[in-house]
Amino acid sequence: MYDAVIIGAGVSGSAAARELSRFRGNFCVLEKEEDVCCGTSKANSAIVHAGFDAPEGSLMAELNVEGNRMMGELSEELDFPFQRIGSLVICTDESDRGKLQELLERGRANGVPDLRIVEREELRKMEPNVSDDAVAALYAPTGGIVCPFLLNIAMAENAAVNGVEFRFNTKVNGIEKTEKGFCLHTNNGDVSARTVVNAAGVYADVIHGMVSREKIHITPRKGEYYLLDKSAGKHVSHTIFSLPTKMGKGVLVTPTVHGNLLVGPTAVDIEDREGVNTTASGLAEVAAKASGSVKNVPLRSVITSFAGLRAHEDRHEFIVREAEDAPGFVDCAGIESPGLTASPAIGKRAASIIRGILHLESDPEFCGTRKGILNPSRLSKEERNELIRKHPEYGTIICRCESISEGEILDAIHRPLGAKSLDGVKRRVRAGMGRCQAGFCSPKVMEILAREVPGLRMDQVTKSGGASGLIVGTDKDRL
Amino acid sequence: MSEYKQADIVIIGGGPAGLAAAAAARDAGEDSILILERDSRLGGILNQCIHNGFGLHTFEEELTGPEYAQRFIDMVEERKTDYKLNTMVLSIGRDKVVTAMNREDGLFQVQAKAVILAMGCRERPRGALNIPGYRPAGIFTAGTAQRLVNIEGYLPGREIVILGSGDIGLIMARRMTLEGAKVKVVAELMPYSGGLKRNIVQCLNDFNIPLKLSHTVVDIRGKKRVEGVTIAQVDSHGKPIPGTEEDYTCDTLLLSCGLIPENELSAQMGVEMNPVTKGPMVNESLETNVEGVFACGNVLHVHDLVDFVSEEAENAGRNAVKYVRAMGCPEGGKKTEAVPVLATDGVRYTVPVCVRPDYMDDRLIVRFRVGNVYRDHYIAVYLNDERILHRKRQILAPGEMEQVILDREKLRNVPDLRQIRVCLEKD
């Protein structure tokens, strides 16, 4: 019997797990995929929003601003890339100035610090590639960019190091209320828990419906993106939004923490909760809208496109609370944008609710810091040579495009909650994320995985777990 | 570790271009040469090209890729040329300090007098092609599949659709068939194939594999592993025509949609690029705008035949030696006026882009590609306004590299030579 079971190892679930690991107790995360960060958390804008979008007084606004505030310290504690580069909402029509002012006021009411309107001339100095039509912009210096994978992975790793158990490839098919709490039926047997945190992303309404009659309804809202080569990464130096529309924040153009340029997303409601395919119309829309606020976006430098699903709840509000008709069952539902930003605050809130229910005590052995995977390119020449002398695998480059050494890949595989698939390695160290998109390094990374992961043969190596095998057999095996 | 090494000529890449450049430089009397190769063996991509057809021009034999590579590896070994394997070059300075790394030496630097760029090319990935759909396992570039099959011995899939009719895609259509897989179709966006005619005959026609020109993949299905793709016909602008969609069940999509010279190191050091070839702009000596930095092979422009890579690289090797020797002479670095070589009327580019008659050999090969399929056209060369070559060709296609030869005496005899122009003419 666990004190708490968390369903979902995305950012919300992992944040809740880390926050719970501050307390004494038995905690477990159940994840249907083979790794953390496999759903909404891995495919989004990678933005740390300042917090001027959400309606004043909403939980969304509160947790956004709080999450933004927490991000800097958290990135130091957990060693993940985060840069407070600031964001600009571009107004391209004098008649829309009112909307800009509205955002400014809402942001101030939400507690966003240092917001101000910048006029044409200053804006051009800040962003030379801003659209010629731009008349003014809302500048939010607290806006930032983060590596969504490493934010998620870092929180999960830290939770694991502090004793939280993670069970992967484990899907919750049903939940029964029991005398002492809950019994969760999974494809890997039953799991009992005194309390449950529902952080199931686009499935949060399904999981919620297993125990509660309160209505939650989530619509997967698809967003498609283009990722551009690093040669385009300096096209803008802030996150550039267009003024929001009814369907969301419009298409943004932003550098990423790794120096690429990201353009997107669209916003299309779909039915399939796994429908992360890109579409011709979606990509065309991104291309068309890209030039709305930024000129000459070099779309010829696209290295990949992808789609993610936001877990849009009908009320467009975060639901982070104990279900009234299911004591001990805490939802983290409707976590759409700015969910990535808010995740540390969401986790904190969910953990504090659980703590209140179970009267948890602090764990004096909790260690809140984590060292990320060593990035040799940040070392001096002497330090790097010392490293290679001790660990020669740091001298062998596996991924040419991103200059990732074998040493980094071994670290990604062998650390807590280590990578077990090509995508797992990619999200941790970026091998395969560069301009050749794994053409050269995937056979090598497959070999390393087969060598290093216990019980994994070359023909069992997957792209992303489950049925995503990369090899179907050996040569001539059917001749 | 990390001592400052010296070498007269540092060659970046130990594939066919780097090897031929090294051997030729050694034969020209240079003995301080260092090849830096990122893979664990010399030979480059030839090591995975186990089909035959290599060396018809160079050796008048039909060799496999590894055999062809071995001839040049042997030359390099016989000439006792230094090389380092498993060594990644991280940067090249304009001062020709090459920074590289491997397990044994750690991070080290070599001061070169001349640098030969021979890094080859990479395949255009799915992302750069804008194919909508899911991103499951089972989408490979043809070269990655070739490596898995030919080097590792693994079959990446059983039911294959190939997008793009570049040479590697055609070769892999045959290869996968021979390994027991079913290749259902090869789709090509353009109205003509990007590969060599002989590969279409030997790799598709001989195995009854259909080639659909003016077709592309418009959807990829399968959440974990590819389950199928949709192919549609495209109009003259390359846009899919609604209503022409056809679904194919398959577990694998191979991509052979173009090769991109790997010029990140070159661009970083300020080498000027030709936007058409994505390779450096070079003069008759295959020297880039950065003095003493030469380029050859697929990093310069993507070739069809390795034989021409070898020939070009040998020139680069010899020219690098000439450059190193001239460095000591008072008039060594003197530059004479370069005459631009223009590509017009159907000719997409030329290599080189300019010629200094004083520096060229008696005969200079100018290589180029045409931008479309042309029937019954003439290849013409003009020196200023005077046509010096007019050669009829029944068919010219983008998939086949062409060449013309310039004669030094002819160039010298033109008073006030301002431009050389290579073009296509109808009559």
# chains A, B, ... in the order shown; residues from 1 in each chain; ligands from 1
call {"tool": "interface_residues", "arguments": {"of": "chain B", "to": "chain A", "cutoff": "8 Å", "atoms": "only C-alpha atoms", "output": "short mmCIF file (atom, residue, chain, number, x, y, z; two decimals) with all heavy atoms, in the first residue's frame"}}
result
data_model
loop_
_atom_site.label_atom_id
_atom_site.label_comp_id
_atom_site.auth_asym_id
_atom_site.auth_seq_id
_atom_site.Cartn_x
_atom_site.Cartn_y
_atom_site.Cartn_z
N MET B 1 49.27 14.67 -23.83
CA MET B 1 48.02 15.20 -24.39
C MET B 1 48.12 16.69 -24.68
O MET B 1 48.83 17.39 -24.00
CB MET B 1 46.90 14.96 -23.38
CG MET B 1 46.24 13.66 -23.64
SD MET B 1 44.59 13.39 -23.09
CE MET B 1 44.51 13.88 -21.43
N SER B 2 47.38 17.10 -25.69
CA SER B 2 47.11 18.51 -25.99
C SER B 2 48.34 19.32 -26.39
O SER B 2 48.35 20.51 -26.26
CB SER B 2 46.41 19.20 -24.81
OG SER B 2 47.34 19.56 -23.83
N ASN B 86 38.70 7.80 -35.46
CA ASN B 86 37.81 8.15 -34.33
C ASN B 86 38.08 9.57 -33.84
O ASN B 86 38.01 9.84 -32.65
CB ASN B 86 38.02 7.16 -33.17
CG ASN B 86 37.63 5.76 -33.56
OD1 ASN B 86 36.53 5.52 -34.05
ND2 ASN B 86 38.55 4.83 -33.38
N THR B 87 38.42 10.42 -34.75
CA THR B 87 38.84 11.77 -34.39
C THR B 87 37.89 12.78 -35.00
O THR B 87 37.69 12.81 -36.21
CB THR B 87 40.27 12.03 -34.89
OG1 THR B 87 41.13 11.05 -34.30
CG2 THR B 87 40.75 13.42 -34.49
N MET B 88 37.27 13.56 -34.14
CA MET B 88 36.29 14.54 -34.59
C MET B 88 36.93 15.92 -34.63
O MET B 88 37.49 16.36 -33.64
CB MET B 88 35.13 14.55 -33.58
CG MET B 88 33.98 15.39 -34.01
SD MET B 88 33.04 14.51 -35.28
CE MET B 88 31.84 15.76 -35.62
N MET B 101 39.43 16.13 -31.54
CA MET B 101 39.32 15.38 -30.29
C MET B 101 39.21 13.90 -30.58
O MET B 101 38.55 13.49 -31.54
CB MET B 101 38.07 15.86 -29.55
CG MET B 101 37.92 15.26 -28.18
SD MET B 101 36.54 16.03 -27.31
CE MET B 101 35.18 15.18 -28.06
N ASN B 102 39.88 13.10 -29.75
CA ASN B 102 39.64 11.65 -29.76
C ASN B 102 39.95 11.10 -28.37
O ASN B 102 40.31 11.85 -27.46
CB ASN B 102 40.46 10.96 -30.86
CG ASN B 102 41.96 11.09 -30.65
OD1 ASN B 102 42.44 11.17 -29.52
ND2 ASN B 102 42.70 11.13 -31.74
N ARG B 103 39.80 9.80 -28.22
CA ARG B 103 39.97 9.18 -26.89
C ARG B 103 41.41 9.25 -26.41
O ARG B 103 41.66 9.41 -25.22
CB ARG B 103 39.61 7.69 -26.95
CG ARG B 103 38.19 7.38 -27.27
CD ARG B 103 38.02 5.89 -27.53
NE ARG B 103 38.19 5.11 -26.32
CZ ARG B 103 37.19 4.67 -25.58
NH1 ARG B 103 35.96 4.92 -25.94
NH2 ARG B 103 37.40 3.97 -24.48
N GLU B 104 42.34 9.07 -27.34
CA GLU B 104 43.75 8.95 -26.93
C GLU B 104 44.39 10.31 -26.70
O GLU B 104 45.11 10.51 -25.73
CB GLU B 104 44.56 8.20 -27.99
CG GLU B 104 44.24 6.72 -28.09
CD GLU B 104 42.95 6.46 -28.85
OE1 GLU B 104 42.62 7.27 -29.74
OE2 GLU B 104 42.26 5.48 -28.53
N GLY B 106 42.79 13.27 -26.49
CA GLY B 106 41.94 14.29 -25.88
C GLY B 106 41.65 15.38 -26.89
O GLY B 106 41.58 15.14 -28.09
N LEU B 107 41.53 16.59 -26.37
CA LEU B 107 41.30 17.75 -27.23
C LEU B 107 42.67 18.26 -27.67
O LEU B 107 43.51 18.56 -26.83
CB LEU B 107 40.58 18.80 -26.39
CG LEU B 107 39.84 19.93 -27.06
CD1 LEU B 107 38.68 19.39 -27.88
CD2 LEU B 107 39.30 20.87 -25.99
N ARG B 122 25.75 14.70 -46.10
CA ARG B 122 24.77 13.95 -45.31
C ARG B 122 23.47 13.90 -46.09
O ARG B 122 23.28 14.62 -47.06
CB ARG B 122 24.57 14.60 -43.94
CG ARG B 122 23.97 15.98 -44.01
CD ARG B 122 23.48 16.49 -42.67
NE ARG B 122 23.02 17.85 -42.81
CZ ARG B 122 23.78 18.92 -42.60
NH1 ARG B 122 25.04 18.78 -42.23
NH2 ARG B 122 23.29 20.13 -42.77
N GLU B 123 22.55 13.06 -45.61
CA GLU B 123 21.27 12.92 -46.30
C GLU B 123 20.26 13.91 -45.74
O GLU B 123 20.26 14.22 -44.55
CB GLU B 123 20.74 11.50 -46.11
CG GLU B 123 21.64 10.46 -46.70
CD GLU B 123 21.17 9.07 -46.35
OE1 GLU B 123 21.44 8.63 -45.22
OE2 GLU B 123 20.50 8.44 -47.20
N ARG B 124 19.38 14.36 -46.62
CA ARG B 124 18.31 15.25 -46.18
C ARG B 124 17.32 14.43 -45.35
O ARG B 124 16.81 13.43 -45.81
CB ARG B 124 17.60 15.83 -47.41
CG ARG B 124 16.72 17.02 -47.14
CD ARG B 124 16.04 17.48 -48.42
NE ARG B 124 16.98 17.86 -49.46
CZ ARG B 124 17.59 19.05 -49.51
NH1 ARG B 124 17.33 19.95 -48.61
NH2 ARG B 124 18.42 19.31 -50.48
N PRO B 125 17.05 14.85 -44.09
CA PRO B 125 16.18 14.04 -43.24
C PRO B 125 14.70 14.32 -43.49
O PRO B 125 14.34 15.24 -44.20
CB PRO B 125 16.58 14.47 -41.84
CG PRO B 125 17.02 15.87 -41.98
CD PRO B 125 17.60 16.01 -43.37
N ARG B 126 13.86 13.50 -42.87
CA ARG B 126 12.42 13.63 -43.04
C ARG B 126 11.93 15.02 -42.66
O ARG B 126 11.12 15.62 -43.36
CB ARG B 126 11.73 12.56 -42.17
CG ARG B 126 10.21 12.54 -42.29
CD ARG B 126 9.54 13.14 -41.06
NE ARG B 126 8.11 13.23 -41.22
CZ ARG B 126 7.24 12.55 -40.48
NH1 ARG B 126 7.67 11.69 -39.60
NH2 ARG B 126 5.96 12.74 -40.65
N GLY B 127 12.47 15.54 -41.56
CA GLY B 127 11.99 16.83 -41.07
C GLY B 127 12.14 17.93 -42.10
O GLY B 127 11.27 18.79 -42.25
N ALA B 128 13.26 17.89 -42.83
CA ALA B 128 13.52 18.94 -43.80
C ALA B 128 12.64 18.79 -45.04
O ALA B 128 12.60 19.66 -45.89
CB ALA B 128 14.99 18.90 -44.21
N ASN B 130 9.32 18.15 -44.83
CA ASN B 130 7.96 18.59 -44.55
C ASN B 130 6.91 17.56 -44.88
O ASN B 130 5.84 17.90 -45.39
CB ASN B 130 7.63 19.85 -45.34
CG ASN B 130 8.03 21.07 -44.56
OD1 ASN B 130 8.16 21.00 -43.34
ND2 ASN B 130 8.22 22.17 -45.25
N ILE B 131 7.18 16.30 -44.61
CA ILE B 131 6.15 15.29 -44.86
C ILE B 131 5.25 15.24 -43.63
O ILE B 131 5.73 14.98 -42.53
CB ILE B 131 6.77 13.89 -45.06
CG1 ILE B 131 7.86 13.93 -46.11
CG2 ILE B 131 5.68 12.88 -45.40
CD1 ILE B 131 8.68 12.67 -46.16
N PRO B 132 3.96 15.51 -43.79
CA PRO B 132 3.07 15.45 -42.63
C PRO B 132 2.88 14.00 -42.17
O PRO B 132 3.17 13.07 -42.91
CB PRO B 132 1.74 16.02 -43.15
CG PRO B 132 2.01 16.54 -44.52
CD PRO B 132 3.24 15.85 -45.02
N GLY B 133 2.34 13.86 -40.96
CA GLY B 133 2.02 12.53 -40.46
C GLY B 133 2.65 12.29 -39.10
O GLY B 133 3.12 13.22 -38.45
N TYR B 134 2.63 11.01 -38.69
CA TYR B 134 3.21 10.64 -37.41
C TYR B 134 4.73 10.54 -37.53
O TYR B 134 5.26 10.59 -38.64
CB TYR B 134 2.62 9.32 -36.93
CG TYR B 134 1.21 9.49 -36.41
CD1 TYR B 134 0.11 9.35 -37.26
CD2 TYR B 134 0.98 9.81 -35.08
CE1 TYR B 134 -1.17 9.53 -36.80
CE2 TYR B 134 -0.31 9.99 -34.61
CZ TYR B 134 -1.38 9.85 -35.46
OH TYR B 134 -2.65 10.03 -34.99
N ARG B 135 5.38 10.39 -36.38
CA ARG B 135 6.84 10.26 -36.38
C ARG B 135 7.25 8.95 -35.71
O ARG B 135 7.96 8.93 -34.70
CB ARG B 135 7.47 11.45 -35.65
CG ARG B 135 7.08 12.78 -36.32
CD ARG B 135 7.92 13.92 -35.82
NE ARG B 135 7.79 14.08 -34.38
CZ ARG B 135 8.74 14.60 -33.61
NH1 ARG B 135 9.87 14.97 -34.13
NH2 ARG B 135 8.53 14.74 -32.32
N PRO B 136 6.80 7.84 -36.25
CA PRO B 136 7.08 6.54 -35.62
C PRO B 136 8.46 6.00 -36.00
O PRO B 136 9.16 6.60 -36.82
CB PRO B 136 5.99 5.65 -36.21
CG PRO B 136 5.74 6.22 -37.57
CD PRO B 136 6.01 7.70 -37.48
N ALA B 137 8.81 4.86 -35.41
CA ALA B 137 10.00 4.14 -35.85
C ALA B 137 9.71 3.60 -37.25
O ALA B 137 8.56 3.37 -37.62
CB ALA B 137 10.30 3.00 -34.90
N GLY B 138 10.75 3.40 -38.02
CA GLY B 138 10.57 2.83 -39.35
C GLY B 138 10.76 3.83 -40.47
O GLY B 138 10.57 3.51 -41.63
N PHE B 140 13.64 5.81 -42.17
CA PHE B 140 15.09 5.88 -42.21
C PHE B 140 15.52 6.59 -43.48
O PHE B 140 14.87 6.47 -44.51
CB PHE B 140 15.71 4.47 -42.27
CG PHE B 140 15.39 3.57 -41.12
CD1 PHE B 140 14.28 2.73 -41.17
CD2 PHE B 140 16.19 3.56 -39.99
CE1 PHE B 140 13.98 1.88 -40.11
CE2 PHE B 140 15.89 2.71 -38.92
CZ PHE B 140 14.80 1.87 -38.99
N THR B 141 16.65 7.31 -43.40
CA THR B 141 17.24 7.72 -44.67
C THR B 141 17.84 6.45 -45.29
O THR B 141 18.19 5.49 -44.58
CB THR B 141 18.33 8.78 -44.46
OG1 THR B 141 19.30 8.27 -43.57
CG2 THR B 141 17.76 10.07 -43.92
N GLY B 143 20.64 5.87 -46.54
CA GLY B 143 22.00 5.58 -46.10
C GLY B 143 22.05 4.95 -44.72
O GLY B 143 22.89 4.08 -44.46
N THR B 144 21.16 5.37 -43.83
CA THR B 144 21.11 4.77 -42.50
C THR B 144 20.69 3.30 -42.62
O THR B 144 21.26 2.42 -41.99
CB THR B 144 20.13 5.53 -41.59
OG1 THR B 144 20.53 6.90 -41.55
CG2 THR B 144 20.15 4.99 -40.18
N ARG B 147 23.53 1.27 -43.90
CA ARG B 147 24.50 0.94 -42.87
C ARG B 147 24.00 -0.23 -42.01
O ARG B 147 24.73 -1.17 -41.72
CB ARG B 147 24.76 2.16 -41.98
CG ARG B 147 25.84 1.88 -40.97
CD ARG B 147 26.00 2.96 -39.93
NE ARG B 147 26.71 2.38 -38.81
CZ ARG B 147 28.00 2.59 -38.55
NH1 ARG B 147 28.69 3.38 -39.32
NH2 ARG B 147 28.58 2.00 -37.53
N LEU B 148 22.72 -0.17 -41.61
CA LEU B 148 22.17 -1.24 -40.78
C LEU B 148 22.25 -2.58 -41.49
O LEU B 148 22.62 -3.60 -40.91
CB LEU B 148 20.71 -0.92 -40.40
CG LEU B 148 20.53 0.18 -39.35
CD1 LEU B 148 19.07 0.58 -39.25
CD2 LEU B 148 21.04 -0.29 -37.98
N VAL B 149 21.92 -2.59 -42.78
CA VAL B 149 21.89 -3.85 -43.53
C VAL B 149 23.31 -4.33 -43.84
O VAL B 149 23.66 -5.49 -43.62
CB VAL B 149 21.09 -3.67 -44.84
CG1 VAL B 149 21.20 -4.91 -45.71
CG2 VAL B 149 19.64 -3.36 -44.53
N GLY B 153 24.27 -5.87 -40.37
CA GLY B 153 23.60 -7.13 -40.64
C GLY B 153 22.16 -7.20 -40.15
O GLY B 153 21.63 -8.28 -39.93
N TYR B 154 21.53 -6.05 -39.97
CA TYR B 154 20.14 -6.04 -39.50
C TYR B 154 19.19 -5.53 -40.57
O TYR B 154 19.53 -4.63 -41.35
CB TYR B 154 20.01 -5.16 -38.26
CG TYR B 154 20.70 -5.74 -37.06
CD1 TYR B 154 21.88 -5.18 -36.58
CD2 TYR B 154 20.18 -6.87 -36.42
CE1 TYR B 154 22.52 -5.73 -35.48
CE2 TYR B 154 20.82 -7.41 -35.32
CZ TYR B 154 21.99 -6.85 -34.87
OH TYR B 154 22.62 -7.39 -33.78
N LEU B 155 18.01 -6.10 -40.56
CA LEU B 155 16.99 -5.69 -41.52
C LEU B 155 16.08 -4.64 -40.87
O LEU B 155 15.45 -4.91 -39.85
CB LEU B 155 16.17 -6.93 -41.90
CG LEU B 155 15.32 -6.87 -43.16
CD1 LEU B 155 16.21 -6.66 -44.37
CD2 LEU B 155 14.52 -8.15 -43.30
N PRO B 156 16.05 -3.45 -41.42
CA PRO B 156 15.23 -2.41 -40.78
C PRO B 156 13.74 -2.52 -41.06
O PRO B 156 12.94 -1.87 -40.39
CB PRO B 156 15.79 -1.10 -41.35
CG PRO B 156 16.51 -1.47 -42.59
CD PRO B 156 16.86 -2.93 -42.51
N GLY B 157 13.33 -3.33 -42.05
CA GLY B 157 11.90 -3.46 -42.32
C GLY B 157 11.65 -4.51 -43.38
O GLY B 157 12.57 -4.99 -44.03
N ARG B 158 10.35 -4.88 -43.54
CA ARG B 158 10.02 -5.95 -44.49
C ARG B 158 9.18 -5.47 -45.66
O ARG B 158 9.19 -6.05 -46.72
CB ARG B 158 9.27 -7.07 -43.77
CG ARG B 158 10.13 -7.82 -42.77
CD ARG B 158 9.71 -9.27 -42.65
NE ARG B 158 10.74 -10.02 -41.96
CZ ARG B 158 10.84 -10.12 -40.62
NH1 ARG B 158 9.95 -9.52 -39.87
NH2 ARG B 158 11.80 -10.80 -40.07
N LEU B 178 16.92 -7.97 -52.20
CA LEU B 178 17.82 -9.11 -52.08
C LEU B 178 17.85 -9.67 -50.66
O LEU B 178 18.13 -10.84 -50.45
CB LEU B 178 19.24 -8.71 -52.51
CG LEU B 178 19.42 -8.34 -53.98
CD1 LEU B 178 20.84 -7.83 -54.23
CD2 LEU B 178 19.11 -9.53 -54.88
N GLU B 179 17.54 -8.82 -49.69
CA GLU B 179 17.53 -9.27 -48.29
C GLU B 179 16.18 -9.86 -47.89
O GLU B 179 15.97 -10.16 -46.73
CB GLU B 179 17.89 -8.12 -47.34
CG GLU B 179 19.34 -7.67 -47.44
CD GLU B 179 20.34 -8.79 -47.15
OE1 GLU B 179 19.98 -9.78 -46.51
OE2 GLU B 179 21.48 -8.66 -47.62
N GLY B 180 15.27 -9.96 -48.83
CA GLY B 180 14.00 -10.60 -48.52
C GLY B 180 12.86 -9.65 -48.22
O GLY B 180 11.76 -10.07 -47.87
N VAL B 218 2.34 12.02 -48.78
CA VAL B 218 1.58 13.10 -48.16
C VAL B 218 1.10 12.75 -46.75
O VAL B 218 0.57 13.60 -46.05
CB VAL B 218 0.36 13.52 -49.03
CG1 VAL B 218 0.83 14.15 -50.33
CG2 VAL B 218 -0.56 12.34 -49.30
N ASP B 219 1.29 11.50 -46.33
CA ASP B 219 0.91 11.15 -44.95
C ASP B 219 1.67 9.90 -44.53
O ASP B 219 1.94 9.03 -45.34
CB ASP B 219 -0.61 10.91 -44.86
CG ASP B 219 -1.10 10.88 -43.41
OD1 ASP B 219 -0.39 11.45 -42.54
OD2 ASP B 219 -2.16 10.29 -43.14
N LYS B 223 1.57 4.94 -35.03
CA LYS B 223 1.98 5.77 -33.90
C LYS B 223 3.32 5.32 -33.33
O LYS B 223 4.11 6.13 -32.89
CB LYS B 223 0.89 5.77 -32.84
CG LYS B 223 -0.31 6.58 -33.33
CD LYS B 223 -1.53 6.47 -32.49
CE LYS B 223 -2.66 7.26 -33.15
NZ LYS B 223 -3.94 7.14 -32.45
N LYS B 224 3.55 4.02 -33.32
CA LYS B 224 4.80 3.50 -32.77
C LYS B 224 5.75 3.08 -33.89
O LYS B 224 6.92 3.39 -33.88
CB LYS B 224 4.52 2.32 -31.83
CG LYS B 224 4.00 2.74 -30.46
CD LYS B 224 5.09 3.45 -29.66
CE LYS B 224 4.68 3.73 -28.22
NZ LYS B 224 5.75 4.45 -27.49
N ARG B 225 5.22 2.31 -34.84
CA ARG B 225 6.01 1.87 -35.99
C ARG B 225 5.19 2.22 -37.24
O ARG B 225 3.97 2.20 -37.20
CB ARG B 225 6.23 0.36 -35.90
CG ARG B 225 6.91 -0.28 -37.10
CD ARG B 225 8.44 -0.17 -37.07
NE ARG B 225 8.99 -0.41 -38.41
CZ ARG B 225 10.28 -0.60 -38.67
NH1 ARG B 225 11.16 -0.59 -37.69
NH2 ARG B 225 10.70 -0.79 -39.90
#
call {"tool": "residues_around", "arguments": {"residues": "Asp376 in chain B", "least_positions_apart": "4", "cutoff": "8 Å", "atoms": "only C-alpha atoms", "output": "PyMOL selection string"}}
result
chain B and resi 392-395+426
call {"tool": "closest_residue", "arguments": {"among": "A:Arg221, A:Lys215, A:Arg378, A:Arg430", "to": "Arg310 in chain A", "atoms": "only C-alpha atoms"}}
result
A:Arg221
call {"tool": "select_by_dssp", "arguments": {"residues": "range 278-386 of chain B", "states": "alpha helix (DSSP H)", "output": "count of residues only"}}
result
21
call {"tool": "residues_around", "arguments": {"residues": "Arg18 in chain A", "least_positions_apart": "4", "cutoff": "8 Å", "atoms": "only C-alpha atoms", "output": "VMD selection string"}}
result
chain A and resid 14 22 155 to 156 158 to 160 162 164 347
call {"tool": "atom_distance", "arguments": {"atom1": "CA of His303 in chain B", "atom2": "CA of Gly258 in chain B"}}
result
11.4 Å
call {"tool": "closest_atom_pairs", "arguments": {"of": "range 261-335 of chain B", "to": "range 350-366 of chain B", "cutoff": "6 Å", "atoms": "only C-alpha atoms", "output": "CSV"}}
result
residue,atom,partner,partner_atom,distance
B:Val282,CA,B:Pro352,CA,5.2
B:Asn283,CA,B:Cys354,CA,4.8
B:Glu284,CA,B:Val355,CA,4.9
call {"tool": "residues_around", "arguments": {"residues": "Pro275 in chain B", "least_positions_apart": "4", "cutoff": "12 Å", "atoms": "only C-alpha atoms", "output": "PyMOL selection string"}}
result
chain B and resi 260-261+263+279-281+300-301+348-350
call {"tool": "write_last_selection", "arguments": {"atoms": "N, CA, C and O atoms", "output": "mmCIF file, in the first residue's frame"}}
result
data_model
loop_
_atom_site.group_PDB
_atom_site.id
_atom_site.type_symbol
_atom_site.label_atom_id
_atom_site.label_comp_id
_atom_site.auth_asym_id
_atom_site.auth_seq_id
_atom_site.Cartn_x
_atom_site.Cartn_y
_atom_site.Cartn_z
ATOM 1 N N ILE B 260 23.332 16.707 -48.761
ATOM 2 C CA ILE B 260 23.738 18.070 -48.413
ATOM 3 C C ILE B 260 25.207 18.038 -47.987
ATOM 4 O O ILE B 260 25.548 17.339 -47.039
ATOM 5 N N PRO B 261 26.075 18.763 -48.694
ATOM 6 C CA PRO B 261 27.476 18.813 -48.275
ATOM 7 C C PRO B 261 27.575 19.255 -46.814
ATOM 8 O O PRO B 261 26.839 20.133 -46.369
ATOM 9 N N ASN B 263 29.088 21.248 -44.521
ATOM 10 C CA ASN B 263 29.990 22.394 -44.475
ATOM 11 C C ASN B 263 29.900 23.233 -43.217
ATOM 12 O O ASN B 263 30.250 24.408 -43.239
ATOM 13 N N GLY B 279 28.125 23.941 -51.327
ATOM 14 C CA GLY B 279 29.539 23.679 -51.105
ATOM 15 C C GLY B 279 30.318 24.964 -51.296
ATOM 16 O O GLY B 279 29.775 25.974 -51.761
ATOM 17 N N PRO B 280 31.613 24.955 -50.948
ATOM 18 C CA PRO B 280 32.413 26.176 -51.065
ATOM 19 C C PRO B 280 32.532 26.647 -52.516
ATOM 20 O O PRO B 280 32.481 25.851 -53.446
ATOM 21 N N MET B 281 32.702 27.952 -52.683
ATOM 22 C CA MET B 281 33.046 28.512 -53.977
ATOM 23 C C MET B 281 34.556 28.331 -54.133
ATOM 24 O O MET B 281 35.316 28.804 -53.281
ATOM 25 N N LEU B 300 32.330 19.518 -51.556
ATOM 26 C CA LEU B 300 32.413 20.611 -52.530
ATOM 27 C C LEU B 300 31.141 20.659 -53.374
ATOM 28 O O LEU B 300 30.531 21.700 -53.533
ATOM 29 N N HIS B 301 30.784 19.538 -53.944
ATOM 30 C CA HIS B 301 29.496 19.381 -54.624
ATOM 31 C C HIS B 301 29.229 17.893 -54.717
ATOM 32 O O HIS B 301 30.165 17.095 -54.793
ATOM 33 N N ARG B 348 23.099 24.819 -63.878
ATOM 34 C CA ARG B 348 22.782 25.327 -62.528
ATOM 35 C C ARG B 348 23.990 25.897 -61.811
ATOM 36 O O ARG B 348 23.871 26.820 -61.024
ATOM 37 N N TYR B 349 25.129 25.279 -62.017
ATOM 38 C CA TYR B 349 26.329 25.749 -61.325
ATOM 39 C C TYR B 349 27.543 25.195 -62.041
ATOM 40 O O TYR B 349 27.407 24.297 -62.888
ATOM 41 N N THR B 350 28.695 25.729 -61.739
ATOM 42 C CA THR B 350 29.935 25.096 -62.197
ATOM 43 C C THR B 350 30.886 25.001 -61.012
ATOM 44 O O THR B 350 30.810 25.779 -60.069
#
